[in-house]
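Here is the structure we will look at, set down as structure tokens.
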Amino acid sequence: MSETRQAGDALREEVRAWLAENWDPKLYKSRGGADWTSTPEQRAWLAKVVEARWAVPRWSAEWFGRGLDDAEARIIEREFARVGAPGAGQDRSNLWANTALAHATPPFKAKIVPALLRGEVAMCLLYSEPGAGSDLAGVRTRADAHSDQRGDQRGDQRGDQRGDHFVVNGQKVWTSGAATADYGMLIARTDWDAPKHKGISFFFCPMKQKGVDVRPLRQITNESHFNEVFLTDVIVPAENLLGPLNGGWGVLQTALAYERSVMGEGARGPRSGVAESEGEEPLIALAREAGRLSDPVLRQEIAKAIAHKKLNALNTARAKADLAQGTSSSIMSLGKLAMSRILHEEARVRTLILGAQSMLEGQAYPRAEDANFLALNAYFTSIGGGTDQIQRNIIGERVLGLPKEPEVDRDVPFRAVRSGATPKGTKKD
Amino acid sequence: MATITVEEREAIRDTARRLLADRSTEADVRRTMESESGYDPALWRQLGELGLLGLIVDEAHGGAGAGAMELEAVMEEMGAALLCGPFLSSSVLAASLLNALGDRGAQDRLLPSLADGSKIATVAITGPQGTWTQDGVAITAQEKRGAWTLDGPAFFVAHGQIANVLLVVARTDDGFAVFEVEAKAAGMHIDPLPTFDHTLRLANISLNNVAACKLNSTRPAWDAIEDALDVARVALAGEQAGAGAKVLAFTVDYTKNRFQFGRAIGGFQAIKHMAADLLLESESANSAARYAARALAESAPDAKAAISLAAFACADAFSTITATAIQMHGGIAFTWAHPAHLYLRRARADAQLFGTSNFHRERYLTELGAPA
Ligand SMILES: Cc1cc2nc3c(=O)[nH]c(=O)nc-3n(C[C@H](O)[C@H](O)[C@H](O)COP(=O)(O)OP(=O)(O)OC[C@H]3O[C@@H](n4cnc5c(N)ncnc54)[C@H](O)[C@@H]3O)c2cc1C
């Protein structure tokens, strides 16, 4: 016990000293969660963090890590957070790098993992389609294996099986960040005769090529982060296949787990940029500013909303403690559902505090702008990454052990599976 | 207080769990709750022998010298088993009030017998509105030639009818003070109340010129009372978290085994989604109760905020879980013979003790630096 504490102290000292020497907050101006590309300064900083082995300390030394356990890695993350420096904790939060590390082919992994950690490539998720949302195993975008002569002669095992490249055709939708992405994590059908879960493969699909047509969609937030993506004869090198051919469903589970755990930790805050008082709970500050902090009904609502947030933090802390003691925790899977409630509730209470002012919008009314934006953006968490209803299915089935949903199409060849209406507004041309 | 390791804490929890699995079964609870006294004296003695009654009594007074975290853990087990008896009144509230006041004489006189179970104590504090606040206190104390007498009523006194000793909060010319009164003292009237939660005992008391012994306090008595209430709130939060988790567990189990339309009802989303939401409630209550216990044990600066958070989060979670559980079971849980309503009754009583959820939300905001 005391030995590990001493080791922790030494590590903390080391991180602090390194940050004191290297970190300059002026170098790195984040533009908030809304931007999908990183600046040269940001990339330079990330490269430094990776080189110093602070980015992924839980990983092995071979992969930029230090082989630390969770408790030790958290020390590093806390020190980075203390000074506001980004780049640490990527072994938890970088879903792209984690997925690639776990499943990419050796040559591709060597290339892509460092680039991802250094923020040199921008990414997007090519999962959802007009006909496949919650039911991702219903994707109809196809990837067909092609081999050229060179590949045949080389005759390496994987090349034989897969050909040298895949040709992808189909349509994706709701693809956040597709307009600026260098790669998309793509799920596509590679076997139409297998049941739906068994004929899907997982790729890193290069986005900057002819045949990738990205069309921004206007969101309810009046922003355009997500897009329709039309894929026509798009080329994906064979080495960009993650996991086995037709084994993409398993890879997707890894990637979704990281995505959901990140979404369980938070979401974008207010976007007006008009500062709220620091160090105080935003809802308290807002009520104070509005002169309504003594309204007893509002106080109850404010306390409830703050409590949701605090309880989720306590749950997460308990899950981490369980993890550190080697007992697995079911609490982790609750985070995203909890966060969705936190965000919807916070927006609701902001609106209660503002009252009639919440009918307004625009930069002249930043508080209304924020409340209304947050009320809309809460759906990012309650729909994106698996809806609240899907999360409840997962908690019920995987955590509580309740019977699985009946799936009429589970063991049927995918060819024979019925597809229904696709959402309006996602038109082919 | 001796420092207690995680392993020791789990051992204490285990001791409680094993004893209760054996002696506080549903059949035991049903028998005891219908008895006049509302507790099982043999089980009470055993709780004493195993060191549980004196859990938060220091070792010098025959106790285990444990703290809030162990208390919370034990209360999770007691809540899950719906233990009938004056544990919360005697071993928690009265003991912590004696601890907090610091009157050596009273501690020497009372703590050993609370710890071995030979005496039961409770605290009388509550006014007619059932609030555990200063403005509710309706008993006054008068001193004549060094002797104190008490007059007035207290309401909703938990286990008042079975206590041997009452610690009575009263107004004096010098502010609040705590008095020790024998239950059998002349001029003391104890009126048992019919309770909706049959596992609980409540009484109204009224005092008419009752001779009482004033307890010394090393600081303003109300501060000590608040501290004792906070210990009781942590304990209650543990009870609610433990009982809620138990109800959720047997409910989920039931939905796996009850078949309708050819399927286990737990496979229907209407049921499955309720279960998932209740798991979030249950785990959050558990986190809140344990965090409050730790904050109290470590005298953390945010201890009061943490305790109020736990108080309303656990009360609301336990109420929601028990109420929803009946709906998930269907008709079977509408029968007296099914245990669900026993927990619902406990949840509804617990939600009133030591301040309602609304009271604690108010206190929580104030503790966060935002007084009304
Ligand atoms: C802001 C935002 C960003 C997004 N970004 C991306 C992205 O970058 N990449 C990407 O691939 N996708 C992205 N998505 C898509 C997102 O993953 C899907 O919208 C989501 O999984 C739901 O699918 P759907 O929209 O087709 O709704 P549907 O699946 O059609 O669901 C409609 C309704 O039916 C319910 N429902 C469906 N199935 C069940 C079931 N089995 N049980 C109970 N209820 C059910 C749902 O909960 C929902 O209420 C994004 C979505 C949003 C809102």
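As shown in the structure tokens, the chain order sets the letters A, B, ...; within each chain, residues go from 1, and ligands are also counted from 1 in the order they appear.
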Which protein, DNA or RNA residues have an atom within 8 Å of ligand 1, counting only C-alpha atoms and all ligand atoms, as number ranges by chain?
A: 124-136, 172-178, 219, 225-226, 377, 379-390, 393, 405, 423; B: 269
Selected residues written out, C-alpha atoms, as a short mmCIF file (atom, residue, chain, number, x, y, z; two decimals), in the first residue's frame:
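Resulting contents of again.cif:
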data_model
loop_
_atom_site.label_atom_id
_atom_site.label_comp_id
_atom_site.auth_asym_id
_atom_site.auth_seq_id
_atom_site.Cartn_x
_atom_site.Cartn_y
_atom_site.Cartn_z
CA CYS A 124 -15.56 10.16 -38.63
CA LEU A 125 -17.89 7.22 -38.01
CA LEU A 126 -19.48 5.67 -41.07
CA TYR A 127 -22.00 3.49 -39.28
CA SER A 128 -25.57 4.75 -39.63
CA GLU A 129 -27.48 4.46 -42.87
CA PRO A 130 -30.93 5.53 -43.93
CA GLY A 131 -32.12 1.97 -43.27
CA ALA A 132 -29.85 1.10 -40.36
CA GLY A 133 -29.81 3.26 -37.23
CA SER A 134 -30.44 1.54 -33.93
CA ASP A 135 -30.25 -1.69 -35.87
CA LEU A 136 -26.71 -1.21 -37.13
CA LYS A 172 -24.18 6.65 -44.84
CA VAL A 173 -26.02 9.30 -42.90
CA TRP A 174 -25.75 11.42 -39.73
CA THR A 175 -21.98 11.20 -40.18
CA SER A 176 -20.53 13.77 -37.83
CA GLY A 177 -17.36 15.44 -39.07
CA ALA A 178 -17.38 13.70 -42.46
CA GLN A 219 -29.23 20.26 -37.82
CA HIS A 225 -21.75 18.96 -38.18
CA PHE A 226 -23.34 15.86 -39.52
CA ASN A 377 -28.15 19.41 -28.19
CA TYR A 379 -30.51 14.81 -28.09
CA PHE A 380 -26.98 14.38 -29.34
CA THR A 381 -26.47 12.19 -26.28
CA SER A 382 -29.94 10.63 -26.06
CA ILE A 383 -30.03 9.63 -29.76
CA GLY A 384 -26.42 9.54 -30.98
CA GLY A 385 -24.23 6.56 -30.16
CA GLY A 386 -27.27 4.39 -29.43
CA THR A 387 -30.55 5.86 -28.19
CA ASP A 388 -31.68 5.86 -24.57
CA GLN A 389 -34.05 3.03 -25.43
CA ILE A 390 -31.22 0.96 -26.88
CA ASN A 393 -32.14 -2.73 -23.67
CA GLU A 405 -35.28 -8.80 -27.55
CA PRO A 423 -36.30 8.49 -42.85
CA GLN B 269 -39.36 -3.54 -23.06
#
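Using only C-alpha atoms, the protein and nucleic acid residues lying no more than 12 Å from Gly130 of chain B, apart from those fewer than 5 places from it along its own chain, are Ala124, Ile125, Asp135, Gly136, Val137, Ala138, Ala154, Phe155, Phe156, Val157, Ala158, Leu202, Ala203, Asn204, Ala349, Ala351, Gln352, Leu353, Phe354, Gly355, Thr356 and Phe359 of chain B.
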Which of these, B:Asn257, B:Gln240, B:Ser319, B:Gln327, has the shortest distance to Glu76 of chain B once you count only C-alpha atoms?
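Among B:Asn257, B:Gln240, B:Ser319, B:Gln327, it is B:Gln240 that comes nearest to Glu76 of chain B.
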Sort by chain and increasing residue number a table of all residues of chain B within 9 Å of chain A, each with its closest pair of atoms and their distance in Å to one decimal, counting only C-alpha atoms, and write it as a Markdown table.
| residue | atom | partner | partner_atom | distance |
| --- | --- | --- | --- | --- |
| B:Ala249 | CA | A:Leu400 | CA | 8.8 |
| B:Val252 | CA | A:Leu400 | CA | 7.2 |
| B:Asp253 | CA | A:Leu402 | CA | 8.7 |
| B:Thr255 | CA | A:Leu402 | CA | 7.8 |
| B:Lys256 | CA | A:Leu402 | CA | 6.2 |
| B:Arg263 | CA | A:Pro403 | CA | 8.6 |
| B:Ala264 | CA | A:Pro403 | CA | 7.0 |
| B:Ile265 | CA | A:Pro403 | CA | 8.5 |
| B:Gly266 | CA | A:Leu402 | CA | 5.5 |
| B:Gly267 | CA | A:Pro403 | CA | 4.7 |
| B:Phe268 | CA | A:Glu405 | CA | 7.7 |
| B:Gln269 | CA | A:Asn393 | CA | 7.3 |
| B:Lys272 | CA | A:Gly396 | CA | 5.5 |
| B:His273 | CA | A:Arg392 | CA | 5.3 |
| B:Met274 | CA | A:Arg392 | CA | 8.4 |
| B:Ala275 | CA | A:Gly396 | CA | 6.6 |
| B:Ala276 | CA | A:Gly396 | CA | 5.4 |
| B:Asp277 | CA | A:Arg392 | CA | 7.4 |
| B:Leu279 | CA | A:Leu334 | CA | 8.3 |
| B:Leu280 | CA | A:Leu334 | CA | 6.4 |
| B:Glu283 | CA | A:Ile331 | CA | 7.0 |
| B:Ser284 | CA | A:Leu311 | CA | 5.7 |
| B:Ala285 | CA | A:Leu311 | CA | 8.0 |
| B:Asn286 | CA | A:Asn315 | CA | 8.5 |
| B:Ser287 | CA | A:Asn315 | CA | 5.6 |
| B:Ala288 | CA | A:Leu311 | CA | 6.5 |
| B:Tyr291 | CA | A:Leu314 | CA | 7.4 |
| B:Leu309 | CA | A:Ala307 | CA | 6.8 |
| B:Ala313 | CA | A:Ala307 | CA | 7.8 |
| B:Asn358 | CA | A:Gln300 | CA | 6.7 |
| B:Arg361 | CA | A:Ala303 | CA | 5.5 |
| B:Glu362 | CA | A:Gln300 | CA | 6.7 |
| B:Tyr364 | CA | A:Ala303 | CA | 6.9 |
| B:Leu365 | CA | A:Ala303 | CA | 6.1 |
| B:Leu368 | CA | A:Glu281 | CA | 8.3 |
| B:Gly369 | CA | A:Glu280 | CA | 8.3 |
| B:Ala370 | CA | A:Ile284 | CA | 7.0 |
| B:Pro371 | CA | A:Ser294 | CA | 7.8 |
| B:Ala372 | CA | A:Ser294 | CA | 4.5 |
Atoms to include: N, CA and C atoms. Write the selected residues as a JSON list (two decimals), in the first residue's frame.
[["chain", "number", "residue", "atom", "x", "y", "z"],
["B", 249, "ALA", "N", -33.39, -6.47, -6.91],
["B", 249, "ALA", "CA", -32.89, -7.82, -7.21],
["B", 249, "ALA", "C", -34.04, -8.83, -7.26],
["B", 252, "VAL", "N", -36.24, -8.10, -10.44],
["B", 252, "VAL", "CA", -35.64, -8.54, -11.70],
["B", 252, "VAL", "C", -35.72, -10.06, -11.80],
["B", 253, "ASP", "N", -35.46, -10.70, -10.70],
["B", 253, "ASP", "CA", -35.55, -12.15, -10.66],
["B", 253, "ASP", "C", -36.94, -12.64, -11.06],
["B", 255, "THR", "N", -39.12, -11.12, -12.88],
["B", 255, "THR", "CA", -39.45, -10.88, -14.30],
["B", 255, "THR", "C", -38.74, -11.87, -15.22],
["B", 256, "LYS", "N", -37.74, -12.57, -14.69],
["B", 256, "LYS", "CA", -37.12, -13.61, -15.51],
["B", 256, "LYS", "C", -37.90, -14.91, -15.45],
["B", 263, "ARG", "N", -43.48, -15.63, -23.13],
["B", 263, "ARG", "CA", -42.15, -15.06, -22.89],
["B", 263, "ARG", "C", -42.02, -14.63, -21.44],
["B", 264, "ALA", "N", -40.77, -14.64, -20.96],
["B", 264, "ALA", "CA", -40.52, -14.06, -19.64],
["B", 264, "ALA", "C", -40.85, -12.57, -19.73],
["B", 265, "ILE", "N", -41.59, -12.06, -18.75],
["B", 265, "ILE", "CA", -42.03, -10.66, -18.86],
["B", 265, "ILE", "C", -40.86, -9.67, -18.87],
["B", 266, "GLY", "N", -39.71, -10.09, -18.32],
["B", 266, "GLY", "CA", -38.52, -9.23, -18.35],
["B", 266, "GLY", "C", -38.03, -8.98, -19.77],
["B", 267, "GLY", "N", -38.53, -9.76, -20.70],
["B", 267, "GLY", "CA", -38.17, -9.55, -22.10],
["B", 267, "GLY", "C", -39.00, -8.45, -22.75],
["B", 268, "PHE", "N", -40.09, -8.06, -22.12],
["B", 268, "PHE", "CA", -40.88, -6.94, -22.66],
["B", 268, "PHE", "C", -40.19, -5.63, -22.31],
["B", 269, "GLN", "N", -40.10, -4.77, -23.31],
["B", 269, "GLN", "CA", -39.36, -3.54, -23.06],
["B", 269, "GLN", "C", -39.98, -2.67, -21.98],
["B", 272, "LYS", "N", -38.44, -4.20, -19.07],
["B", 272, "LYS", "CA", -36.97, -4.13, -19.12],
["B", 272, "LYS", "C", -36.49, -2.71, -18.89],
["B", 273, "HIS", "N", -37.17, -1.75, -19.51],
["B", 273, "HIS", "CA", -36.73, -0.36, -19.39],
["B", 273, "HIS", "C", -36.96, 0.20, -17.99],
["B", 274, "MET", "N", -38.05, -0.25, -17.35],
["B", 274, "MET", "CA", -38.23, 0.14, -15.95],
["B", 274, "MET", "C", -37.07, -0.41, -15.12],
["B", 275, "ALA", "N", -36.71, -1.64, -15.38],
["B", 275, "ALA", "CA", -35.63, -2.26, -14.61],
["B", 275, "ALA", "C", -34.32, -1.50, -14.82],
["B", 276, "ALA", "N", -34.04, -1.12, -16.06],
["B", 276, "ALA", "CA", -32.80, -0.39, -16.34],
["B", 276, "ALA", "C", -32.79, 0.95, -15.61],
["B", 277, "ASP", "N", -33.92, 1.64, -15.63],
["B", 277, "ASP", "CA", -33.99, 2.93, -14.94],
["B", 277, "ASP", "C", -33.82, 2.75, -13.43],
["B", 279, "LEU", "N", -32.13, 0.42, -11.99],
["B", 279, "LEU", "CA", -30.73, 0.12, -11.69],
["B", 279, "LEU", "C", -29.93, 1.41, -11.54],
["B", 280, "LEU", "N", -30.21, 2.37, -12.41],
["B", 280, "LEU", "CA", -29.53, 3.67, -12.29],
["B", 280, "LEU", "C", -29.87, 4.31, -10.94],
["B", 283, "GLU", "N", -28.03, 2.20, -8.10],
["B", 283, "GLU", "CA", -26.57, 2.39, -8.04],
["B", 283, "GLU", "C", -26.23, 3.81, -7.60],
["B", 284, "SER", "N", -27.03, 4.78, -8.02],
["B", 284, "SER", "CA", -26.77, 6.16, -7.61],
["B", 284, "SER", "C", -26.98, 6.31, -6.11],
["B", 285, "ALA", "N", -28.01, 5.66, -5.59],
["B", 285, "ALA", "CA", -28.27, 5.73, -4.15],
["B", 285, "ALA", "C", -27.09, 5.11, -3.39],
["B", 286, "ASN", "N", -26.64, 4.00, -3.89],
["B", 286, "ASN", "CA", -25.52, 3.34, -3.26],
["B", 286, "ASN", "C", -24.27, 4.23, -3.26],
["B", 287, "SER", "N", -23.98, 4.84, -4.40],
["B", 287, "SER", "CA", -22.82, 5.73, -4.48],
["B", 287, "SER", "C", -22.97, 6.90, -3.51],
["B", 288, "ALA", "N", -24.18, 7.46, -3.47],
["B", 288, "ALA", "CA", -24.41, 8.64, -2.63],
["B", 288, "ALA", "C", -24.26, 8.30, -1.15],
["B", 291, "TYR", "N", -20.59, 7.62, -0.34],
["B", 291, "TYR", "CA", -19.80, 8.84, -0.38],
["B", 291, "TYR", "C", -20.07, 9.71, 0.84],
["B", 309, "LEU", "N", -27.31, 15.36, 0.05],
["B", 309, "LEU", "CA", -27.46, 14.73, -1.26],
["B", 309, "LEU", "C", -27.88, 13.27, -1.08],
["B", 313, "ALA", "N", -31.36, 11.69, -2.35],
["B", 313, "ALA", "CA", -31.18, 10.73, -3.44],
["B", 313, "ALA", "C", -31.62, 9.33, -3.00],
["B", 358, "ASN", "N", -37.42, 17.34, 0.17],
["B", 358, "ASN", "CA", -37.46, 18.78, -0.10],
["B", 358, "ASN", "C", -36.58, 19.55, 0.88],
["B", 361, "ARG", "N", -32.98, 18.94, -0.15],
["B", 361, "ARG", "CA", -32.58, 19.66, -1.37],
["B", 361, "ARG", "C", -32.31, 21.13, -1.04],
["B", 362, "GLU", "N", -33.14, 21.67, -0.19],
["B", 362, "GLU", "CA", -32.94, 23.05, 0.24],
["B", 362, "GLU", "C", -31.59, 23.19, 0.95],
["B", 364, "TYR", "N", -29.06, 21.24, 0.71],
["B", 364, "TYR", "CA", -28.00, 20.95, -0.25],
["B", 364, "TYR", "C", -27.58, 22.22, -0.99],
["B", 365, "LEU", "N", -28.55, 22.94, -1.50],
["B", 365, "LEU", "CA", -28.24, 24.19, -2.22],
["B", 365, "LEU", "C", -27.55, 25.18, -1.28],
["B", 368, "LEU", "N", -24.09, 24.33, -0.91],
["B", 368, "LEU", "CA", -23.31, 24.62, -2.11],
["B", 368, "LEU", "C", -23.04, 26.11, -2.24],
["B", 369, "GLY", "N", -23.40, 26.87, -1.25],
["B", 369, "GLY", "CA", -23.11, 28.30, -1.27],
["B", 369, "GLY", "C", -24.23, 29.14, -1.83],
["B", 370, "ALA", "N", -25.44, 28.59, -1.89],
["B", 370, "ALA", "CA", -26.55, 29.36, -2.43],
["B", 370, "ALA", "C", -27.74, 29.36, -1.47],
["B", 371, "PRO", "N", -27.61, 30.06, -0.33],
["B", 371, "PRO", "CA", -28.76, 30.14, 0.58],
["B", 371, "PRO", "C", -29.91, 30.89, -0.09],
["B", 372, "ALA", "N", -31.10, 30.59, 0.37],
["B", 372, "ALA", "CA", -32.29, 31.17, -0.27],
["B", 372, "ALA", "C", -32.27, 32.70, -0.18]]
Could you please write out, as a VMD selection string, every residue of segment 193-324 of chain A that DSSP assigns to helix (DSSP H, G or I)?
chain A and resid 196 to 198 238 to 240 248 to 263 282 to 289 296 to 324
Among segment 83-302 of chain B, which ones does DSSP place in strand (DSSP E), written as a PyMOL selection string?
chain B and resi 121-124+140-144+147-158+165-172+175-182+188-193+202-214+259-260+263-264
What is the atom CA of Ala340 of chain B to atom CA of Met33 of chain B distance in Å?
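Interatomic distance here is 15.0 Å.
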Pick out the closest residue to Lys26 of chain A from this set: A:Val83, A:Leu241, A:Val50, A:Leu68. Count only C-alpha atoms.
A:Val83
Considering only C-alpha atoms, can you say which of A:Asp322, A:Asp233, A:Glu14, A:Glu239 comes closest to Ala110 of chain A?
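Residue with the minimum atom-to-atom distance to Ala110 of chain A: A:Glu239.
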Determine, counting only C-alpha atoms, which protein, DNA and RNA residues have an atom within 12 Å of an atom of Asp40 of chain B; residues of the same chain fewer than 2 positions away are not included. Present the result as a compact mmCIF listing (two decimals) with N, CA and C atoms, in the first residue's frame.
# COMPACT_ATOMS: atom_id res chain seq x y z
N ARG B 23 -31.76 -14.81 10.99
CA ARG B 23 -32.70 -14.41 12.04
C ARG B 23 -33.66 -13.29 11.65
N SER B 24 -33.48 -12.72 10.47
CA SER B 24 -34.44 -11.70 10.03
C SER B 24 -34.96 -12.05 8.65
N ASP B 28 -39.62 -14.05 9.92
CA ASP B 28 -39.26 -13.38 11.18
C ASP B 28 -39.79 -11.94 11.20
N VAL B 29 -39.59 -11.25 10.07
CA VAL B 29 -40.02 -9.86 9.99
C VAL B 29 -41.53 -9.77 10.20
N ARG B 30 -42.25 -10.67 9.55
CA ARG B 30 -43.72 -10.61 9.67
C ARG B 30 -44.17 -10.91 11.09
N ARG B 31 -43.52 -11.86 11.73
CA ARG B 31 -43.89 -12.19 13.10
C ARG B 31 -43.56 -11.01 14.02
N THR B 32 -42.35 -10.48 13.87
CA THR B 32 -41.91 -9.42 14.78
C THR B 32 -42.70 -8.13 14.59
N MET B 33 -43.00 -7.83 13.33
CA MET B 33 -43.69 -6.55 13.10
C MET B 33 -45.10 -6.55 13.70
N GLU B 34 -45.68 -7.76 13.87
CA GLU B 34 -47.02 -7.83 14.46
C GLU B 34 -46.97 -7.96 15.98
N SER B 35 -45.77 -8.14 16.53
CA SER B 35 -45.66 -8.24 17.99
C SER B 35 -45.85 -6.86 18.59
N GLU B 36 -46.13 -6.83 19.87
CA GLU B 36 -46.38 -5.53 20.50
C GLU B 36 -45.14 -4.65 20.51
N SER B 37 -44.01 -5.24 20.90
CA SER B 37 -42.81 -4.41 21.05
C SER B 37 -42.20 -4.04 19.71
N GLY B 38 -42.42 -4.88 18.69
CA GLY B 38 -41.86 -4.59 17.38
C GLY B 38 -40.40 -4.95 17.24
N ALA B 42 -34.39 -11.65 21.62
CA ALA B 42 -33.28 -12.61 21.49
C ALA B 42 -32.32 -12.15 20.39
N LEU B 43 -32.90 -11.71 19.27
CA LEU B 43 -32.06 -11.21 18.17
C LEU B 43 -31.31 -9.96 18.62
N TRP B 44 -31.99 -9.13 19.39
CA TRP B 44 -31.37 -7.90 19.87
C TRP B 44 -30.13 -8.22 20.70
N ARG B 45 -30.26 -9.23 21.58
CA ARG B 45 -29.11 -9.63 22.40
C ARG B 45 -27.97 -10.11 21.51
N GLN B 46 -28.33 -10.87 20.47
CA GLN B 46 -27.29 -11.38 19.58
C GLN B 46 -26.59 -10.24 18.84
N LEU B 47 -27.36 -9.26 18.42
CA LEU B 47 -26.76 -8.10 17.77
C LEU B 47 -25.76 -7.44 18.72
N LEU B 83 -34.84 -5.32 8.91
CA LEU B 83 -34.73 -5.59 10.34
C LEU B 83 -35.75 -4.76 11.14
N CYS B 84 -36.46 -5.44 12.02
CA CYS B 84 -37.38 -4.74 12.93
C CYS B 84 -36.64 -4.46 14.22
N GLY B 85 -36.72 -3.24 14.71
CA GLY B 85 -36.09 -2.97 16.00
C GLY B 85 -35.55 -1.57 16.07
N PRO B 86 -35.14 -1.20 17.27
CA PRO B 86 -34.77 0.20 17.51
C PRO B 86 -33.31 0.52 17.21
N PHE B 87 -32.72 -0.18 16.23
CA PHE B 87 -31.30 0.06 15.95
C PHE B 87 -31.03 1.53 15.64
N GLY B 117 -26.99 -3.98 24.69
CA GLY B 117 -28.41 -4.22 24.43
C GLY B 117 -29.26 -4.31 25.68
N ILE B 162 -40.78 1.61 23.57
CA ILE B 162 -39.97 0.50 24.08
C ILE B 162 -38.66 0.99 24.69
N THR B 199 -43.11 -2.33 10.56
CA THR B 199 -41.81 -2.69 11.15
C THR B 199 -41.26 -1.56 12.01
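Of the listed residues (A:Pro106, A:Ala347, A:Met332, A:Arg16), A:Met332 comes nearest to Arg398 of chain A; the distances count only C-alpha atoms.
The coordinates place atom CA of His103 of chain A at 5.0 Å from atom CA of Gly243 of chain A.
One finds atom CA of Trp132 of chain B at 19.6 Å from atom CA of Leu215 of chain B.
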Test item: residues at most 7 Å from Gly65 of chain A, only C-alpha atoms, excluding those fewer than 5 positions along its chain, as a list in words:
Arg53, Val56, Pro57, Arg58, Trp59 and Ser60 of chain A
Taking into account only C-alpha atoms, which residue in the set B:Leu207, B:Ala300, B:Ala293, B:Leu278 is nearest to Thr320 of chain B?
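Counting only C-alpha atoms, the residue closest to Thr320 of chain B is B:Leu278.
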Residue among B:Glu367, B:Asp197, B:Asp173, B:Asp14 lying closest to Arg346 of chain B, counting only C-alpha atoms:
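For Arg346 of chain B, the nearest of the given residues is B:Asp197.
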